[in-house]
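Asker: Following this message is one structure expressed as structure tokens.
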Amino acid sequence: MAKRQQSPELGEELVKQDLITREELAEAKEREKESGTPWYRQLIQMKKLNLGVFEDVLRYEFHPKSVRDEHQSMGTALVEMHAISEDQLEEALTEQKHNGRLLGNILLDKGFVTRQTIAMALSKQYGLEYADLKQTPSAKEALETVPESMARKNQMIPIRLEGDKLTVLIATPQARDVLKDVGILLGLRIYPVLTTTDDIREEITARYQGKARVSKGKKKASETPPVEPKAAETKKKAAPKKTAAKKTAAKKAAAKETKEVETVASENEIEVGEDRASKARFEEIAQQASGVPVVKLVSTIIEGAANSGATDVHLDPQEPEMRVRYRIDGVLHDVMSIPADIEAAVISRIKIMSDIDITETRHPQDGHIGMDFGDREFDIRVATMPTYLGERIVLRLLDQASVLAGIKDLGLEADDEKALGAMIQQPYGMILVTGPTGSGKTTSLYAALNQKNVITDSIVTLEDPVEYQLSGINQVQIETDIGLSFASTLRASLRQDIDVLLVGEIRDPETAQIAVRAAMTGHLVFSTLHTNDAPEAITTLRNMGVPSYLIASALTAVIAQRLVRQICPECKTGYTPQKPLLKALGLPESTRRLYKGKGCEACYHTGTKGRTGIFELIEVTPDIRKMIAADEPIIKIAKAAKLKTMADRCRMKVKRGEVPAEEFLRVIRT
């Protein structure tokens with residue numbers, strides 16, 4: 001995406017649409033040369049360009065060429081409709097050659113056409129239905145189906161809901177392409193209708209606020225207590241009159257009482273006032289969080305993430321609005337934004353669902369939500385963190401059905417799969433899986449556990465947190481707050497007559513030493529380490545104070561892994577690679593064919609669909625064991641083990657057309 005955003009054509013497109021001037025573009029590009037900050041970032045920071053508008057143009061710029069060609073033939077369509085003459089078209093095209101602006105904008109400025117005429121021509125050209133904005137109101141149920149922020153993000157106006165078909169108004173034909181993703185998020189079929197509007201975002205806001213005003217007005221009317229003027233007047237008349245002397249005495253007494261109380265009040269009123277204000281504020285936020293729009297919005301965000309196969313949802317507080325992003329196949333995608341006026345309510349709604357204290361905003365908190373979507377059961381981990389602009393929330397979606405059946409699903413090469421399968425069946429020893437966060441270590445460990453017989457083996461896992469529930473396996477949740485650490489629980493588990501033990505992570509020397517001892521005393525131990533490759537695991541254990549002779553005795557194998565995106569099988573296509581790319585990949589110049597996904601509906605036009613693992617495996621043979629015990633350098637150990645690195649394995653997948661070349665460059669450290 002970064003390469004696309006720095007495309008020179010994109011800058012020209014912004015100038016064509018009169019969003020920036022050519023001078024502003026040139027100035028931003030000059031600053032880019034000096035500072036290294038991309039030109040489009042500079043324009044956004046200088047308030048010359050809105051981020052939302054920039055994303056809209058970016059979508060248009062990278063539409064398929066056929067779509068762009070159709071758009072450029074709009075002049076011909078207008079002539080066929082007799083909306084303009086051949087001479088007028090020629091005049092506009094001549095001007096376009098000089099300034100490069102969009103043809104439609106030139107025709108509008110010259111007064112040859114109206115916006116409605118252009119929209120009708122485009123609807124005919126793109127095979128879309130046209131509707132007059134003023135004659136097409138929005139039904140209440142349609143507006144309630146789509147969160148306002150999602151409508152604004154995708155520039156669509158919901159107007160009608162019929163079963164699973166949602167009809168929406170759009171202002172440009174290009175907007176219909178992003179509606180496919182919206183349909184997946186909402187679980188609906190989106191039917192776009194083209195319309196004409198000067199500012200679709202303003203129209204969206206007006207329609208949603210119109211709905212809000214009606215409901216708010218009703219609420220206020222119902223909450224207003226009835227007035228009883230007659231009773232009030234009677235009470236006022238019944239009050240006895242005071243004489244002047246009595247009034248003076250009463251004033252003196254009141255003044256004295258006020259003076260006595262004043263000191264105490266001055267000490268407490270600020271603190272009490274702040275507490276009341278804070279309490280009232282959170283009560284108001286909680287009430288807003290339980291409202292239908294916020295509840296619907298949060299439900300849509302989570303359900304949309306489940307429908308699109310996202311593993312994480314990020315809610316990032318930014319200016320001017322909170323961003324919502326999904327991590328799909330390891331990459332974050334912008335989905336929508338949340339208006340500032342309901343940001344606190346959305347955060348509180350998620351906190352309420354995950355049983356987190358909504359009044360605590362200064363410290364990180366954790367919780368979880370259990371949700372079902374159809375026949376799929378999700379356990380959603382919630383983590384909050386205070387930032388300068390507000391609280392940040394990350395939701396991790398754990399699909400219980402996604403626990404793999406076995407190691408055949410991981411993406412191992414045939415020889416590594418055979419070797420690992422044999423090692424899993426060993427009665428004792430230690431198998432370590434290494435890699436950074438999000439590299440699939442837990443999935444690999446669960447897949448290995450699924451190879452064991454839960455009927456005949458006693459299996460216990462120590463995890464922080466327990467991510468997936470495994471049938472027939474005893475899982476222990478580590479709770480450091482109450483002293484239930486990996487080390488203490490691991491020590492206790494050695495007295496539990498266990499055959500197979502999974503330690504979620506070796507974080508400290510004590511855990512490392514106990515895990516090694518467990519592997520040497522008849523237990524098969526699985527665990528993880530945060531290292532960059534397999535040989536480094538040996539160095540890490542040494543640095544944790546575990547003697548080399550104990551590592552040599554306990555260690556059975558070390559597996560390092562990463563996750564890479566796969567080429568979408570629906571749009572897979574071949575191409576001839578250039579020499580610089582082959583050099584970067586480490587492939588011979590004689591390589592004539594590589595593969596990539598050109599983008600289709602099945603992969604949301606990304607060219608990739610799903611992920612697979614790339615692995616490197618060190619099997620601790622008797623010779624390797626001797627070298628570890630002798631404190632040999634890890635480079636020498638890797639060479640003796642004839643290690644096929646993750647780079648080698650990924651390169652093979654690129655050559656076979658399973659993984660795009662860009663993934664090698666993104667994931668593999670060269």
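Chain labels A, B, ... are given in the sequence in which chains occur in the structure tokens; within each chain residues are numbered consecutively from 1, and ligands are likewise numbered from 1 in the order shown.
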Excluding stretch 575-580 of chain A and its own-chain neighbours fewer than 6 positions away, which residues fall within 12 Å of it when counting only C-alpha atoms? Please give them as a list in words.
Answerer: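 In the requested form, the answer reads Gly586, Leu587, Pro588, Glu589, Ser590, Thr591, Arg592, Arg593, Leu594, Tyr595, Lys596, Gly597, Lys598, Val654, Lys655, Gly657, Pro660, Ala661 and Glu662 of chain A.
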Asker: Measuring between only C-alpha atoms, which one of A:Val294, A:Ile358, A:Ile338, A:Ala306 shows the shortest distance to A:Asp375?
Answerer: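 Answer, going by the shortest atom-to-atom distance: A:Ala306.
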Asker: For A:Leu103, work out the shell of residues within 8 Å, counting only C-alpha atoms and skipping chain neighbours fewer than 3 positions away, then give it as a PyMOL selection string.
Answerer: chain A and resi 72+75+92-93+96+106-107
Asker: One decimal, in Å: what's the spacing between atom CA of A:Thr573 and atom CA of A:Val659?
Answerer: 12.0 Å
Asker: Within stretch 434-588 of chain A, find each residue whose DSSP state, derived from the backbone, is strand (DSSP E), and express the selection as a ChimeraX atom specification.
Answerer: /A:434,459-463,474-477,500-503,524-529,555-567,572-575
